[in-house]
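These notes concern the structure reproduced below.
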Amino acid sequence: MKRPVNKFGIAVLAVAAAIAVLLSVMTYFSATSAPLPNVAGMIAAPFRAAGAAITEKAESLVDYITEFDALKAENEELKLRIAEMEAEVRQAKADRDENVRLRELLELRRQRRDLHWESARVVKQEASNWSSMLTVNKGTAQGVEVGDCVITEAGFLVGVVAEAGVNWSTIRTILDSDTSIGATVFRSGTNAVAEGDFALMSQGRLSLGYLGTDPDLMSGDLVVTSGLGGYYPSQIVIGYVEEVRTSDSGLAQYAVIAPEAELDGIAQVFIVTSFDIVD
């Protein structure tokens with residue numbers, strides 16, 4: 001026979017179950033936020049994340065721009081410093097070149113006490129297939145005359161004064177096709193004539209002619225002015241023999257001379273206004 005269920009016990013169990021459910025619900029809501037704010041928070045979460053990302057990107061952009069500006073300023077400063085250093089190098093080279101010229105000039109004065117010259121600045125240089133001319137800033141007011149010999153600070157022959165004004169002169173260089181100067185081969189003493197040549201001008205060379213049929217001449221020989229006739233001072237360096245050739249007729253020989261004076265871009269010359277004839 002089944003035992004009848006106690007109604008009081010059932011009621012107690014029901015109350016206990018209700019209390020358990022209530023406690024569970026209260027525990028859940030006490031552990032989390034209220035339902036509506038929680039839903040709002042869930043909706044706003046993506047926007048908060050996007051805002052945070054945008055803020056981070058903006059901060060990175062600001063940092064990049066700041067760093068870029070700093071690098072740009074540093075780059076400009078480096079460019080300025082490099083320009084200053086390049087200017088210092090150019091000035092140092094100019095000073096060094098000037099020092100070399102002064103030493104050479106001093107040596108020339110010591111070696112060639114027979115020469116008296118006037119320093120002149122080249123203001124114009126003209127070169128073509130048939131002529132090679134310089135214009136300088138000294139003229140008759142400084143004692144310059146047509147026919148005066150013109151040299152470098154090292155004593156190398158540049159040319160001859162072709163025309164002289166009061167405060168200017170035109171110099172026909174040794175490459176000009178109208179140039180003709182008495183010359184001597186230093187080693188052998190062979191006399192010849194140094195001449196400008198149409199075919200050689202473009203190569204920056206001149207010829208040494210009137211050598212005869214069997215001259216004592218070889219590549220590397222030094223050629224200087226002869227001083228014969230007293231028109232030009234003697235022993236002024238013209239250049240060196242590069243090669244010896246036979247004329248088109250086959251009856252004579254001539255030499256190709258590389259001038260010792262550097263004519264391209266020459267800025268200063270010395271006009272020999274007078275000289276002592278040395279026997």
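Letters for chains follow the order of the structure tokens (A, B, ...), residue numbers begin at 1 for each chain, and ligand numbers begin at 1 in the order shown.
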Enumerate, in order of chain and increasing residue number, the residues of region 215-264 of chain A with an atom no farther than 12 Å from region 163-179 of chain A, each with its shortest atom pair and distance in Å to one decimal, counting only C-alpha atoms, as a tab-separated table.
```
residue	atom	partner	partner_atom	distance
A:Thr225	CA	A:Ile174	CA	11.6
A:Val237	CA	A:Ile174	CA	11.5
A:Ile238	CA	A:Ile174	CA	8.3
A:Gly239	CA	A:Ile174	CA	10.3
A:Val256	CA	A:Leu175	CA	11.7
A:Ile257	CA	A:Leu175	CA	10.1
A:Ala258	CA	A:Leu175	CA	10.0
A:Pro259	CA	A:Ile174	CA	8.1
A:Glu260	CA	A:Ile174	CA	10.6
A:Ala261	CA	A:Ile174	CA	9.4
A:Glu262	CA	A:Thr173	CA	11.1
A:Leu263	CA	A:Thr173	CA	8.4
A:Asp264	CA	A:Thr173	CA	11.2
```
TODO: Would you list the contacts of region 182-199 of chain A as a VMD selection string, taking every protein, DNA or RNA residue within 7 Å and counting only C-alpha atoms, but skipping same-chain residues closer than 3 positions in sequence?
DONE: chain A and resid 129 to 130 174 to 179 202 206 to 211 216 221 to 228
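For the choices A:Asp114, A:Gly265, A:Ser249, A:Gln203, the atom-to-atom distance to Ile236 (chain A) is smallest for A:Asp114 when using only C-alpha atoms.
The space between CA of Glu153 (chain A) and CA of Gln91 (chain A) spans 20.4 Å.
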Task: Separation of CA of Ile65 (chain A) from CA of Glu77 (chain A), in Å and rounded to one decimal - done: 18.1 Å
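Comparing the minimum interatomic distances between Val269 (chain A) and each of A:Tyr64, A:Tyr240, A:Trp117, A:Tyr232, counting only C-alpha atoms, we find that A:Trp117 sits nearest.
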Residue set, region 147-271 of chain A restricted to helix (DSSP H, G or I), as a compact mmCIF listing (two decimals) with C-alpha atoms, in the first residue's frame:
```txt
# COMPACT_ATOMS: atom_id res chain seq x y z
CA PHE A 198 95.48 74.45 -89.41
CA ALA A 199 95.44 70.66 -89.20
CA LEU A 200 96.88 70.57 -85.67
CA MET A 201 94.95 73.39 -83.99
CA LEU A 228 117.76 84.63 -82.70
CA GLY A 229 117.42 88.17 -83.99
CA GLY A 230 116.59 89.52 -80.55
```
Task: Contacts of Ala154 (chain A) within 10 Å, only C-alpha atoms, excl. fewer than 3 positions in-chain, as a ChimeraX atom specification - done: /A:100-109,151,157,236-237,260-261,269-270
Task: From A:Val161, A:Ala83, A:Val62, A:Val122, residue lying nearest Ile266 (chain A) [only C-alpha atoms] - done: A:Val122
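Between CA of Ile181 (chain A) and CA of Val136 (chain A) lies a distance of 21.1 Å.
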For the contact check between region 52-158 of chain A and region 273-278 of chain A, emit one row per residue of region 52-158 of chain A within 10 Å, containing the shortest atom pair and the distance in Å rounded to one decimal, counting only C-alpha atoms, chain then rising number order, as a Markdown table.
```
| residue | atom | partner | partner_atom | distance |
| --- | --- | --- | --- | --- |
| A:Arg112 | CA | A:Phe275 | CA | 9.4 |
| A:Arg113 | CA | A:Asp276 | CA | 8.5 |
| A:Asp114 | CA | A:Asp276 | CA | 4.9 |
| A:Leu115 | CA | A:Phe275 | CA | 4.5 |
| A:His116 | CA | A:Ser274 | CA | 5.3 |
| A:Trp117 | CA | A:Thr273 | CA | 5.2 |
| A:Glu118 | CA | A:Thr273 | CA | 6.8 |
| A:Gln142 | CA | A:Thr273 | CA | 8.9 |
| A:Gly143 | CA | A:Thr273 | CA | 6.5 |
| A:Val144 | CA | A:Thr273 | CA | 5.8 |
| A:Glu145 | CA | A:Thr273 | CA | 7.2 |
| A:Val146 | CA | A:Thr273 | CA | 9.8 |
| A:Gly147 | CA | A:Thr273 | CA | 9.4 |
| A:Asp148 | CA | A:Thr273 | CA | 6.0 |
| A:Cys149 | CA | A:Thr273 | CA | 7.6 |
| A:Val150 | CA | A:Thr273 | CA | 8.9 |
```
TODO: Would you please extract all strand (DSSP E or B) residues from region 40-260 of chain A, as assigned by DSSP on the backbone, and give them as a ChimeraX atom specification?
DONE: /A:115-127,132-136,149-151,156-164,169-173,180-185,191-195,206-209,222-225,237-246,253-259
